$ cat model.txt   # compact mmCIF, C-alpha atoms
# COMPACT_ATOMS: atom_id res chain seq x y z
CA MET A 1 6.36 -18.36 2.17
CA SER A 2 8.28 -21.62 2.32
CA GLN A 3 7.36 -24.75 4.26
CA ASN A 4 9.89 -23.79 6.93
CA ASP A 5 8.28 -20.44 7.71
CA TYR A 6 6.16 -19.72 10.74
CA VAL A 7 4.07 -16.59 10.92
CA VAL A 8 2.80 -14.89 14.06
CA LEU A 9 -0.12 -12.65 13.13
CA SER A 10 -1.18 -9.85 15.45
CA SER A 11 -4.85 -9.33 14.67
CA ARG A 12 -7.44 -6.82 15.80
CA SER A 13 -8.20 -7.33 19.46
CA ASP A 14 -11.84 -8.19 18.73
CA PHE A 15 -11.08 -10.90 16.16
CA GLU A 16 -12.36 -13.74 18.35
CA ALA A 17 -15.38 -11.79 19.60
CA ASP A 18 -16.59 -10.72 16.15
CA PRO A 19 -19.05 -13.40 15.01
CA THR A 20 -18.55 -12.52 11.33
CA LEU A 21 -14.77 -12.81 11.44
CA ALA A 22 -15.01 -15.89 13.65
CA GLU A 23 -16.65 -17.62 10.70
CA GLY A 24 -13.45 -17.09 8.71
CA MET A 25 -12.48 -14.94 5.76
CA ASN A 26 -13.85 -15.60 2.29
CA ILE A 27 -11.04 -14.87 -0.15
CA ARG A 28 -11.95 -14.60 -3.83
CA SER A 29 -8.94 -14.03 -6.03
CA GLU A 30 -8.42 -14.46 -9.74
CA LYS A 31 -4.81 -15.33 -9.00
CA TYR A 32 -4.88 -17.22 -5.69
CA GLY A 33 -8.25 -18.91 -6.06
CA THR A 34 -11.30 -19.01 -3.82
CA HIS A 35 -10.87 -19.85 -0.14
CA GLU A 36 -14.13 -19.90 1.77
CA SER A 37 -14.22 -19.53 5.57
CA TRP A 38 -10.43 -19.50 5.80
CA LYS A 39 -9.09 -19.31 9.34
CA PRO A 40 -5.49 -19.51 10.55
CA TYR A 41 -4.61 -22.18 13.06
CA ARG A 42 -3.94 -21.15 16.63
CA ARG A 43 -1.34 -23.72 17.70
CA LYS A 44 2.25 -23.72 16.56
CA GLN A 45 2.27 -27.44 15.82
CA ASP A 46 -0.56 -26.98 13.29
CA ARG A 47 -0.01 -25.77 9.77
CA ASN A 48 -2.22 -24.04 7.25
CA ILE A 49 -2.36 -25.59 3.80
CA LEU A 50 -3.05 -23.07 1.04
CA GLU A 51 -3.43 -24.38 -2.50
CA PHE A 52 -3.13 -22.06 -5.49
CA PRO A 53 -3.96 -24.28 -8.50
CA ALA A 54 -3.55 -21.45 -11.02
CA LEU A 55 0.04 -21.02 -9.86
CA SER A 56 0.74 -24.73 -9.26
CA ILE A 57 1.69 -23.85 -5.68
CA THR A 58 0.84 -25.49 -2.38
CA VAL A 59 2.09 -23.63 0.68
CA HIS A 60 2.26 -25.14 4.18
CA LEU A 61 2.34 -22.36 6.74
CA GLY A 62 2.52 -22.37 10.50
CA ILE A 63 0.36 -19.40 11.50
CA ILE A 64 -0.30 -18.30 15.04
CA VAL A 65 -2.86 -15.57 15.71
CA VAL A 66 -2.44 -13.29 18.70
CA SER A 67 -4.54 -10.34 19.77
CA SER A 68 -1.74 -7.82 20.31
CA VAL A 69 1.91 -7.06 19.68
CA VAL A 70 2.46 -7.51 23.43
CA GLU A 71 1.36 -11.12 23.11
CA ALA A 72 3.62 -11.60 20.09
CA ALA A 73 6.71 -10.24 21.85
CA ASP A 74 7.67 -13.60 23.34
CA ARG A 75 10.21 -14.75 20.75
CA PRO A 76 12.79 -13.39 18.30
CA TYR A 77 11.82 -12.65 14.70
CA SER A 78 13.71 -12.45 11.44
CA TYR A 79 11.15 -10.05 9.98
CA VAL A 80 8.32 -7.98 11.41
CA VAL A 81 5.88 -6.97 8.68
CA LEU A 82 3.57 -4.01 9.27
CA THR A 83 0.53 -3.86 6.98
CA THR A 84 -1.50 -1.15 8.68
CA LYS A 85 -2.20 2.12 6.94
CA ALA A 86 0.19 4.83 8.06
CA ILE A 87 -1.91 7.38 9.94
CA PRO A 88 0.48 8.99 12.44
CA GLU A 89 -2.10 11.50 13.65
CA VAL A 90 -3.99 8.48 15.05
CA ILE A 91 -1.11 6.23 16.09
CA LYS A 92 2.57 6.21 15.20
CA THR A 93 4.43 3.16 14.01
CA SER A 94 6.68 3.24 17.08
CA GLN A 95 3.56 3.07 19.27
CA ILE A 96 2.20 0.05 17.41
CA LEU A 97 5.54 -1.76 17.71
CA GLU A 98 6.44 -0.44 21.17
CA PRO A 99 6.56 -3.91 22.81
CA LEU A 100 9.36 -4.86 20.38
CA LEU A 101 11.19 -1.57 20.88
CA SER A 102 11.38 -1.65 24.65
CA SER A 103 12.37 -3.86 27.56
CA PRO A 104 12.24 -6.77 28.08
CA TYR A 105 12.12 -7.64 24.35
CA SER A 106 14.88 -5.24 23.30
CA GLU A 107 17.20 -6.65 25.97
CA ARG A 108 16.53 -10.32 25.26
CA HIS A 109 16.40 -10.33 21.46
CA PRO A 110 18.16 -8.57 18.59
CA GLN A 111 16.07 -6.18 16.56
CA PRO A 112 14.49 -7.82 13.49
CA THR A 113 14.30 -6.40 10.01
CA TYR A 114 11.10 -4.37 9.86
CA VAL A 115 9.06 -4.42 6.65
CA LEU A 116 6.65 -1.53 6.08
CA LEU A 117 3.98 -2.37 3.50
CA GLN A 118 2.48 1.10 3.57
CA ASN A 119 1.60 3.92 1.22
CA GLY A 120 3.09 7.35 1.72
CA LEU A 121 6.37 9.17 2.10
CA GLY A 122 8.49 9.37 5.24
CA VAL A 123 6.61 6.48 6.85
CA GLU A 124 9.92 4.96 7.98
CA GLN A 125 11.32 7.92 9.93
CA ASP A 126 9.52 7.45 13.24
CA LEU A 127 10.46 3.76 13.41
CA TYR A 128 14.04 4.47 12.36
CA HIS A 129 14.62 6.91 15.21
CA SER A 130 13.03 4.56 17.74
CA ILE A 131 15.29 1.66 16.73
CA LYS A 132 18.33 3.93 16.57
CA ALA A 133 17.73 4.97 20.19
CA LEU A 134 18.23 1.36 21.28
CA ASN A 135 21.93 1.54 20.29
CA GLN A 136 21.82 -1.86 18.60
CA GLY A 137 23.39 -0.79 15.34
CA GLU A 138 21.92 0.67 12.18
CA PRO A 139 18.18 -0.06 11.89
CA LYS A 140 17.17 -2.49 9.15
CA ILE A 141 13.94 -1.36 7.49
CA ILE A 142 12.52 -2.59 4.20
CA SER A 143 10.10 -0.19 2.55
CA ALA A 144 7.82 -1.15 -0.29
CA VAL A 145 5.56 -0.13 -3.15
CA ILE A 146 2.54 -2.40 -3.50
CA TRP A 147 0.22 -2.70 -6.47
CA ILE A 148 -2.91 -4.68 -5.72
CA ARG A 149 -6.56 -4.34 -6.66
CA THR A 150 -8.31 -5.67 -3.59
CA ASN A 151 -11.40 -4.47 -1.76
CA LEU A 152 -13.07 -5.68 1.42
CA VAL A 153 -16.55 -5.89 -0.08
CA GLU A 154 -18.14 -7.30 3.07
CA LYS A 155 -16.86 -7.65 6.62
CA ASN A 156 -15.30 -11.03 5.86
CA VAL A 157 -15.24 -11.06 2.04
CA ILE A 158 -12.12 -10.04 0.12
CA ASN A 159 -12.12 -9.61 -3.67
CA ASN A 160 -8.79 -9.63 -5.51
CA ILE A 161 -8.94 -9.09 -9.28
CA ASP A 162 -6.65 -8.00 -12.11
CA PHE A 163 -4.95 -4.70 -11.34
CA VAL A 164 -5.96 -3.41 -14.74
CA SER A 165 -8.41 -5.63 -16.58
CA LYS A 166 -7.66 -6.25 -20.26
CA ASP A 167 -4.52 -4.10 -20.11
CA SER A 168 -1.62 -5.37 -18.05
CA SER A 169 0.66 -2.73 -19.59
CA TYR A 170 -0.79 0.03 -17.39
CA VAL A 171 1.85 -0.12 -14.71
CA GLU A 172 4.56 -1.29 -17.09
CA GLN A 173 4.20 1.77 -19.29
CA SER A 174 3.49 4.21 -16.50
CA PHE A 175 5.92 3.03 -13.85
CA GLN A 176 8.54 0.98 -15.71
CA ILE A 177 7.29 -2.29 -14.23
CA SER A 178 6.69 -5.31 -16.42
CA ASP A 179 4.54 -8.44 -16.22
CA MET A 180 1.89 -6.85 -14.04
CA ILE A 181 -0.70 -9.36 -12.84
CA GLN A 182 -2.94 -9.21 -9.75
CA ASP A 183 -0.32 -8.10 -7.29
CA TYR A 184 3.13 -6.65 -7.56
CA ILE A 185 5.56 -5.49 -4.91
CA THR A 186 8.78 -3.53 -5.16
CA ILE A 187 11.01 -3.65 -2.09
CA GLY A 188 14.10 -1.70 -1.08
CA MET A 189 16.11 -0.76 1.99
CA TYR A 190 15.34 2.48 3.77
CA ARG A 191 18.41 4.72 4.03
CA HIS A 192 17.80 7.55 6.44
CA GLY A 193 18.62 10.93 4.90
CA ASP A 194 19.76 9.32 1.65
CA HIS A 195 17.52 8.94 -1.38
CA LEU A 196 20.24 9.26 -4.01
CA THR A 197 22.37 6.13 -3.44
CA THR A 198 21.34 3.75 -6.21
CA THR A 199 23.31 0.62 -5.37
CA ASN A 200 22.51 -1.94 -2.69
CA SER A 201 25.33 -2.99 -0.41
CA PRO A 202 26.00 -6.76 -0.15
CA GLU A 203 24.22 -6.80 3.23
CA GLU A 204 21.22 -4.92 1.85
CA GLU A 205 21.03 -7.17 -1.19
CA ALA A 206 21.13 -10.27 1.02
CA ILE A 207 18.27 -9.03 3.21
CA LEU A 208 16.12 -8.05 0.24
CA THR A 209 16.79 -11.30 -1.60
CA ASP A 210 15.93 -13.38 1.45
CA PHE A 211 12.64 -11.61 2.11
CA GLY A 212 11.79 -11.37 -1.58
CA THR A 213 12.31 -15.10 -2.01
CA MET A 214 9.68 -15.81 0.65
CA LEU A 215 7.17 -13.64 -1.20
CA LYS A 216 8.00 -15.23 -4.54
CA THR A 217 7.52 -18.69 -3.06
CA GLY A 218 3.98 -17.66 -2.19
CA GLY A 219 3.32 -16.54 -5.76
CA SER A 220 3.94 -12.79 -5.56
CA GLU A 221 5.72 -10.82 -8.25
CA VAL A 222 8.69 -9.12 -6.59
CA VAL A 223 11.21 -6.54 -7.76
CA ILE A 224 14.23 -5.50 -5.70
CA ALA A 225 14.94 -1.79 -6.05
CA PRO A 226 18.38 -0.29 -5.47
CA GLU A 227 16.67 2.90 -4.23
CA ILE A 228 13.09 2.63 -2.99
CA GLN A 229 12.18 6.25 -2.22
CA ARG A 230 11.88 7.33 -5.86
CA LYS A 231 9.58 4.35 -6.45
CA LYS A 232 7.41 5.39 -3.51
CA PHE A 233 7.44 8.97 -4.77
CA ALA A 234 6.21 7.82 -8.20
CA LYS A 235 3.47 5.65 -6.65
CA THR A 236 2.26 8.75 -4.80
CA PHE A 237 1.30 10.29 -8.17
CA LEU A 238 -1.83 8.15 -8.30
CA ASN A 239 -2.73 8.82 -4.67
CA ILE A 240 -2.27 12.57 -5.12
CA THR A 241 -4.68 12.68 -8.05
CA LEU A 242 -7.21 9.85 -8.25
CA SER A 243 -7.54 9.20 -4.52
CA SER A 244 -8.05 12.87 -3.72
CA PHE A 245 -10.52 13.54 -6.54
CA SER A 246 -12.56 10.46 -5.66
CA THR A 247 -12.60 11.20 -1.94
CA LEU A 248 -13.47 14.88 -2.30
CA THR A 249 -16.25 14.24 -4.81
CA GLY A 250 -17.49 10.99 -3.33
CA SER A 251 -17.23 9.45 -6.80
CA PRO A 252 -15.06 6.65 -8.19
CA PRO A 253 -12.71 7.35 -11.11
CA THR A 254 -15.15 5.65 -13.47
CA ALA A 255 -17.50 8.62 -12.89
CA MET A 256 -14.77 10.86 -14.28
CA PHE A 257 -13.76 8.87 -17.37
CA ARG A 258 -16.22 6.15 -18.35
CA PRO A 259 -18.61 6.96 -21.23
CA PRO A 260 -22.33 6.19 -21.05
CA PRO A 261 -23.21 2.54 -21.75
CA LYS A 262 -23.97 1.55 -25.30
CA GLU A 263 -27.01 -0.40 -26.35
CA GLY A 264 -26.96 -3.77 -24.63
CA GLN A 265 -24.59 -2.56 -21.90
CA SER A 266 -25.49 -1.80 -18.30
CA TYR A 267 -23.13 -0.20 -15.80
CA SER A 268 -22.72 2.81 -13.56
CA PRO A 269 -21.38 5.28 -12.73
CA TYR A 270 -20.29 7.02 -15.90
CA VAL A 271 -19.92 10.56 -17.25
CA ALA A 272 -23.47 11.75 -17.73
CA PRO A 273 -24.11 13.52 -21.06
CA GLN A 274 -25.68 16.58 -19.44
CA THR A 275 -22.28 18.17 -18.81
CA ALA A 276 -18.75 17.60 -20.02
CA PRO A 277 -16.28 17.91 -17.12
CA ASN A 278 -12.68 17.97 -18.29
CA ILE A 279 -10.36 17.20 -15.42
CA ILE A 280 -7.37 16.16 -17.53
CA PRO A 281 -5.68 19.62 -17.50
CA VAL A 282 -6.07 19.79 -13.72
CA LEU A 283 -4.61 16.29 -13.26
CA ARG A 284 -1.70 17.19 -15.52
CA ALA A 285 -0.96 20.39 -13.59
CA ILE A 286 -0.99 18.53 -10.25
CA LEU A 287 1.33 15.84 -11.55
CA GLN A 288 3.64 18.48 -13.00
CA GLU A 289 4.01 19.91 -9.50
CA MET A 290 5.18 16.45 -8.41
CA ILE A 291 7.67 16.29 -11.29
CA THR A 292 9.07 19.69 -10.31
CA LEU A 293 9.44 18.55 -6.70
CA GLY A 294 11.10 15.34 -7.83
CA ARG A 295 13.69 17.30 -9.79
CA ALA A 296 14.42 19.41 -6.71
CA LEU A 297 14.98 16.17 -4.77
CA GLY A 298 17.55 15.06 -7.33
CA TYR A 299 15.58 12.44 -9.24
CA PRO A 300 16.84 12.47 -12.85
CA ASP A 301 14.61 12.55 -15.91
CA ASN A 302 15.10 8.91 -16.91
CA GLU A 303 13.60 5.50 -16.22
CA ASP A 304 15.89 4.96 -13.22
CA GLY A 305 14.75 8.25 -11.73
CA LEU A 306 11.53 10.12 -12.40
CA PRO A 307 10.79 10.40 -16.14
CA SER A 308 8.76 13.40 -17.29
CA SER A 309 6.78 10.99 -19.48
CA LEU A 310 5.25 9.61 -16.29
CA VAL A 311 2.67 12.41 -16.28
CA ASP A 312 1.10 11.63 -19.65
CA ASN A 313 1.53 7.87 -19.21
CA ILE A 314 -0.36 7.89 -15.92
CA ILE A 315 -3.16 10.05 -17.31
CA SER A 316 -3.63 8.04 -20.52
CA ARG A 317 -3.47 4.67 -18.81
CA THR A 318 -5.72 5.80 -15.97
CA VAL A 319 -8.36 7.07 -18.38
CA GLU A 320 -8.17 3.85 -20.39
CA ALA A 321 -8.43 1.62 -17.33
CA HIS A 322 -11.42 3.44 -15.84
CA ARG A 323 -13.35 3.45 -19.09
CA ASP A 324 -13.61 -0.33 -18.78
CA PRO A 325 -17.27 -1.39 -18.23
CA SER A 326 -16.10 -4.18 -15.88
CA HIS A 327 -14.15 -1.87 -13.59
CA THR A 328 -15.61 -1.92 -10.06
CA THR A 329 -12.72 -1.45 -7.63
CA LEU A 330 -12.75 1.75 -5.58
CA PRO A 331 -9.78 3.76 -4.28
CA SER A 332 -9.16 2.76 -0.67
CA MET A 333 -9.16 6.40 0.46
CA LEU A 334 -12.69 6.82 -0.89
CA LEU A 335 -13.79 3.62 0.86
CA ASP A 336 -12.27 4.77 4.14
CA ALA A 337 -13.99 8.15 3.91
CA GLN A 338 -17.33 6.52 3.10
CA ASN A 339 -16.96 4.17 6.07
CA GLY A 340 -16.05 6.93 8.50
CA LEU A 341 -12.45 5.74 8.84
CA PRO A 342 -9.29 7.88 8.96
CA ILE A 343 -7.58 8.49 5.62
CA GLU A 344 -3.90 8.60 4.66
CA VAL A 345 -3.74 12.36 4.37
CA GLU A 346 -0.57 13.23 6.31
CA VAL A 347 1.82 10.63 4.87
CA ILE A 348 0.78 11.40 1.31
CA PHE A 349 -0.42 14.99 0.94
CA GLY A 350 1.00 16.45 4.14
CA GLU A 351 4.45 14.99 3.58
CA VAL A 352 4.57 16.20 -0.03
CA VAL A 353 3.67 19.71 1.11
CA ARG A 354 6.25 19.64 3.92
CA VAL A 355 9.01 18.38 1.62
CA ALA A 356 8.07 20.99 -0.99
CA LYS A 357 8.38 23.77 1.57
CA GLU A 358 11.76 22.43 2.65
CA MET A 359 12.92 22.35 -0.97
CA GLU A 360 11.29 25.76 -1.68
CA VAL A 361 9.08 24.35 -4.43
CA ASP A 362 5.61 25.79 -4.96
CA VAL A 363 2.83 23.18 -5.02
CA PRO A 364 -0.37 25.28 -4.69
CA ARG A 365 -2.70 22.68 -6.16
CA ILE A 366 -1.44 19.94 -3.86
CA GLU A 367 -1.64 22.32 -0.91
CA THR A 368 -5.30 22.89 -1.77
CA LEU A 369 -6.02 19.16 -1.90
CA TYR A 370 -4.21 18.72 1.43
CA ALA A 371 -6.25 21.46 3.09
CA LEU A 372 -9.56 20.01 1.89
CA LEU A 373 -8.71 16.43 2.82
CA ALA A 374 -7.46 17.61 6.22
CA ILE A 375 -11.01 18.84 6.91
CA ILE A 376 -12.41 15.39 6.13
CA GLN A 377 -9.79 13.85 8.42
CA ASN A 378 -10.55 16.32 11.20
CA GLN A 379 -14.28 15.64 11.09
CA THR A 380 -13.71 11.89 10.94
CA LEU A 381 -11.41 11.91 13.96
CA GLY A 382 -13.85 14.19 15.77
CA GLY A 383 -16.61 11.64 15.25
CA PHE A 384 -18.74 13.91 13.07
CA ARG A 385 -18.65 11.82 9.89
CA GLN A 386 -20.86 8.73 9.98
CA PRO A 387 -20.27 5.62 7.85
CA LYS A 388 -22.19 5.55 4.57
CA LEU A 389 -23.42 2.02 5.24
$ encode --input "model.txt" --output "structure tokens"
Amino acid sequence: MSQNDYVVLSSRSDFEADPTLAEGMNIRSEKYGTHESWKPYRRKQDRNILEFPALSITVHLGIIVVSSVVEAADRPYSYVVLTTKAIPEVIKTSQILEPLLSSPYSERHPQPTYVLLQNGLGVEQDLYHSIKALNQGEPKIISAVIWIRTNLVEKNVINNIDFVSKDSSYVEQSFQISDMIQDYITIGMYRHGDHLTTTNSPEEEAILTDFGTMLKTGGSEVVIAPEIQRKKFAKTFLNITLSSFSTLTGSPPTAMFRPPPKEGQSYSPYVAPQTAPNIIPVLRAILQEMITLGRALGYPDNEDGLPSSLVDNIISRTVEAHRDPSHTTLPSMLLDAQNGLPIEVEVIFGEVVRVAKEMEVDVPRIETLYALLAIIQNQTLGGFRQPKL
């Protein structure tokens, strides 16, 4: 963000009442530094000062915290950024943003560009139709693929470390992205019903460049994609495999790939020597179903589309990354399940299954994962699954 940017942040409604969060957030990042008890200012005339010595960046931000979107709907915005997980069976995006999509806001102010920082496929559709119904022109929606290794390790403690320790080529070689550090974002314009146009219009390029520049100013690595849906489809490969296996077994990926510690080493979990589970063929078969579906959608077998090499690259790099003794980050879906929170089952697994049926592509393994995870979701929403801690 630049020194001319003001941010209005709609927080959880109990932010002020929660004594832990009222103390501020403790941010511990290898890239952005350590910020203890960080709290945004409440008055527009005040400005946050964030210093990132490792990046030689000092950012002055005007941040206002409000407790709801209703409270935020008192002024026009250039961009509205949604960072919630997409769980439409709990609440749809149009419901979250309803104060901006209805009167009096929609009559007083033009619609902003909406930015969806969310995993999953088809997450833009509900919002697109809601904006379209306002008859204010073609909706402007930026969709994104985000790579970040961050966990909320305590209620107000955030850890942000290298995405892949000791091997920054993981994403580069698996997803055709270079210079991977702690966080990486690819942004592109959502085009309803069109995932094959691979050139940004001048208007689209201007919007993406403007928003991307704000992120770059804050230290983020940003790539502008001419077609974002194939990037989101490729990102789903990891969610379809690692997230599902971890959530269904209650075990992190290190329990599937990491060898027992050597003399002088101490870590857990790891693959115990009593048995020798081999999940690689199963992972490969699941990912091959995704490749087949991608071909049916028209994604070509090249680096600008969906290369077949993605399957083996993801498997080899994933195994290598999770053999690392220092690896501690957990898949967010596993964390959500452990904490009795809803998981992103519909926008990842459900949407893949629905698209496959539409394209008449068989995905039996993914259908099985979807059915099993849907049971976890059902029991969570029914209040029958209690948090682990």
$ closest_atom_pairs --input "model.txt" --of "range 181-273 of chain A" --to "range 122-135 of chain A" --cutoff "10 Å" --atoms "all atoms listed in the file" --output "tab-separated table"
residue	atom	partner	partner_atom	distance
A:Tyr190	CA	A:Glu124	CA	7.3
A:Arg191	CA	A:Glu124	CA	9.4
A:His192	CA	A:Gln125	CA	7.4
A:Gly193	CA	A:Gln125	CA	9.4
A:Gln229	CA	A:Gly122	CA	8.9
A:Lys232	CA	A:Gly122	CA	9.7
$ residues_near_point --input "model.txt" --point "(-15.9, 13.7, -14.4)" --cutoff "8 Å" --atoms "all atoms listed in the file" --output "list of chain:residue names"
A:Pro253, A:Ala255, A:Met256, A:Phe257, A:Val271, A:Ala276, A:Pro277, A:Asn278, A:Ile279
$ write_last_selection --input "model.txt" --atoms "C-alpha atoms" --output "PDB file, in the frame of the given file"
ATOM      1  CA  PRO A 253     -12.710   7.350 -11.110  1.00  0.00           C
ATOM      2  CA  ALA A 255     -17.500   8.620 -12.890  1.00  0.00           C
ATOM      3  CA  MET A 256     -14.770  10.860 -14.280  1.00  0.00           C
ATOM      4  CA  PHE A 257     -13.760   8.870 -17.370  1.00  0.00           C
ATOM      5  CA  VAL A 271     -19.920  10.560 -17.250  1.00  0.00           C
ATOM      6  CA  ALA A 276     -18.750  17.600 -20.020  1.00  0.00           C
ATOM      7  CA  PRO A 277     -16.280  17.910 -17.120  1.00  0.00           C
ATOM      8  CA  ASN A 278     -12.680  17.970 -18.290  1.00  0.00           C
ATOM      9  CA  ILE A 279     -10.360  17.200 -15.420  1.00  0.00           C
TER      10      ILE A 279
END
$ atom_distance --input "model.txt" --atom1 "CA of Pro387 in chain A" --atom2 "CA of Ala86 in chain A"
20.5 Å
$ residues_around --input "model.txt" --residues "Thr247 in chain A" --least-positions-apart "3" --cutoff "10 Å" --atoms "only C-alpha atoms" --output "PyMOL selection string"
chain A and resi 242-244+250-253+331-338+343+373+376
$ residues_around --input "model.txt" --residues "Leu293 in chain A" --least-positions-apart "2" --cutoff "8 Å" --atoms "all atoms listed in the file" --output "compact mmCIF listing (two decimals) with C-alpha atoms, in the frame of the given file"
# COMPACT_ATOMS: atom_id res chain seq x y z
CA GLU A 289 4.01 19.91 -9.50
CA MET A 290 5.18 16.45 -8.41
CA ILE A 291 7.67 16.29 -11.29
CA ARG A 295 13.69 17.30 -9.79
CA ALA A 296 14.42 19.41 -6.71
CA LEU A 297 14.98 16.17 -4.77
CA ALA A 356 8.07 20.99 -0.99
CA MET A 359 12.92 22.35 -0.97
CA VAL A 361 9.08 24.35 -4.43
$ residues_near_point --input "model.txt" --point "(4.3, 21.3, -11.2)" --cutoff "12 Å" --atoms "only C-alpha atoms" --output "PDB file with C-alpha atoms, in the frame of the given file"
ATOM      1  CA  PHE A 237       1.300  10.290  -8.170  1.00  0.00           C
ATOM      2  CA  PRO A 281      -5.680  19.620 -17.500  1.00  0.00           C
ATOM      3  CA  VAL A 282      -6.070  19.790 -13.720  1.00  0.00           C
ATOM      4  CA  LEU A 283      -4.610  16.290 -13.260  1.00  0.00           C
ATOM      5  CA  ARG A 284      -1.700  17.190 -15.520  1.00  0.00           C
ATOM      6  CA  ALA A 285      -0.960  20.390 -13.590  1.00  0.00           C
ATOM      7  CA  ILE A 286      -0.990  18.530 -10.250  1.00  0.00           C
ATOM      8  CA  LEU A 287       1.330  15.840 -11.550  1.00  0.00           C
ATOM      9  CA  GLN A 288       3.640  18.480 -13.000  1.00  0.00           C
ATOM     10  CA  GLU A 289       4.010  19.910  -9.500  1.00  0.00           C
ATOM     11  CA  MET A 290       5.180  16.450  -8.410  1.00  0.00           C
ATOM     12  CA  ILE A 291       7.670  16.290 -11.290  1.00  0.00           C
ATOM     13  CA  THR A 292       9.070  19.690 -10.310  1.00  0.00           C
ATOM     14  CA  LEU A 293       9.440  18.550  -6.700  1.00  0.00           C
ATOM     15  CA  GLY A 294      11.100  15.340  -7.830  1.00  0.00           C
ATOM     16  CA  ARG A 295      13.690  17.300  -9.790  1.00  0.00           C
ATOM     17  CA  ALA A 296      14.420  19.410  -6.710  1.00  0.00           C
ATOM     18  CA  SER A 308       8.760  13.400 -17.290  1.00  0.00           C
ATOM     19  CA  VAL A 311       2.670  12.410 -16.280  1.00  0.00           C
ATOM     20  CA  ALA A 356       8.070  20.990  -0.990  1.00  0.00           C
ATOM     21  CA  VAL A 361       9.080  24.350  -4.430  1.00  0.00           C
ATOM     22  CA  ASP A 362       5.610  25.790  -4.960  1.00  0.00           C
ATOM     23  CA  VAL A 363       2.830  23.180  -5.020  1.00  0.00           C
ATOM     24  CA  PRO A 364      -0.370  25.280  -4.690  1.00  0.00           C
ATOM     25  CA  ARG A 365      -2.700  22.680  -6.160  1.00  0.00           C
ATOM     26  CA  ILE A 366      -1.440  19.940  -3.860  1.00  0.00           C
ATOM     27  CA  GLU A 367      -1.640  22.320  -0.910  1.00  0.00           C
TER      28      GLU A 367
END
$ residues_around --input "model.txt" --residues "Gln377 in chain A" --least-positions-apart "4" --cutoff "9 Å" --atoms "all atoms listed in the file" --output "list in words"
Ala337, Leu341, Pro342, Ile343, Glu344, Val345, Leu372, Leu373, Leu381 and Gly382 of chain A
$ write_last_selection --input "model.txt" --atoms "C-alpha atoms" --output "compact mmCIF listing (two decimals), in the coordinates of the input"
# COMPACT_ATOMS: atom_id res chain seq x y z
CA ALA A 337 -13.99 8.15 3.91
CA LEU A 341 -12.45 5.74 8.84
CA PRO A 342 -9.29 7.88 8.96
CA ILE A 343 -7.58 8.49 5.62
CA GLU A 344 -3.90 8.60 4.66
CA VAL A 345 -3.74 12.36 4.37
CA LEU A 372 -9.56 20.01 1.89
CA LEU A 373 -8.71 16.43 2.82
CA LEU A 381 -11.41 11.91 13.96
CA GLY A 382 -13.85 14.19 15.77
$ residues_around --input "model.txt" --residues "Gln136 in chain A" --least-positions-apart "6" --cutoff "10 Å" --atoms "all atoms listed in the file" --output "list in words"
Ser106, Glu107, Pro110 and Gln111 of chain A
$ write_last_selection --input "model.txt" --atoms "C-alpha atoms" --output "PDB file, in the coordinates of the input"
ATOM      1  CA  SER A 106      14.880  -5.240  23.300  1.00  0.00           C
ATOM      2  CA  GLU A 107      17.200  -6.650  25.970  1.00  0.00           C
ATOM      3  CA  PRO A 110      18.160  -8.570  18.590  1.00  0.00           C
ATOM      4  CA  GLN A 111      16.070  -6.180  16.560  1.00  0.00           C
TER       5      GLN A 111
END
$ atom_distance --input "model.txt" --atom1 "CA of Ile228 in chain A" --atom2 "CA of Ile187 in chain A"
6.7 Å
$ atom_distance --input "model.txt" --atom1 "CA of Glu351 in chain A" --atom2 "CA of Thr318 in chain A"
23.9 Å
$ closest_residue --input "model.txt" --among "A:Val66, A:Leu306, A:Met25, A:Val90" --to "Thr380 in chain A" --atoms "all atoms listed in the file"
A:Val90
$ closest_residue --input "model.txt" --among "A:Gly120, A:Glu138, A:Ala72, A:Asn159" --to "Pro88 in chain A" --atoms "all atoms listed in the file"
A:Gly120
$ closest_residue --input "model.txt" --among "A:Ile314, A:Tyr105, A:Gly340, A:Gly218" --to "Tyr32 in chain A" --atoms "all atoms listed in the file"
A:Gly218
$ residues_around --input "model.txt" --residues "Val319 in chain A" --least-positions-apart "3" --cutoff "8 Å" --atoms "all atoms listed in the file" --output "PDB file with C-alpha atoms, in the coordinates of the input"
ATOM      1  CA  PHE A 257     -13.760   8.870 -17.370  1.00  0.00           C
ATOM      2  CA  ARG A 258     -16.220   6.150 -18.350  1.00  0.00           C
ATOM      3  CA  ILE A 315      -3.160  10.050 -17.310  1.00  0.00           C
ATOM      4  CA  SER A 316      -3.630   8.040 -20.520  1.00  0.00           C
ATOM      5  CA  HIS A 322     -11.420   3.440 -15.840  1.00  0.00           C
ATOM      6  CA  ARG A 323     -13.350   3.450 -19.090  1.00  0.00           C
TER       7      ARG A 323
END
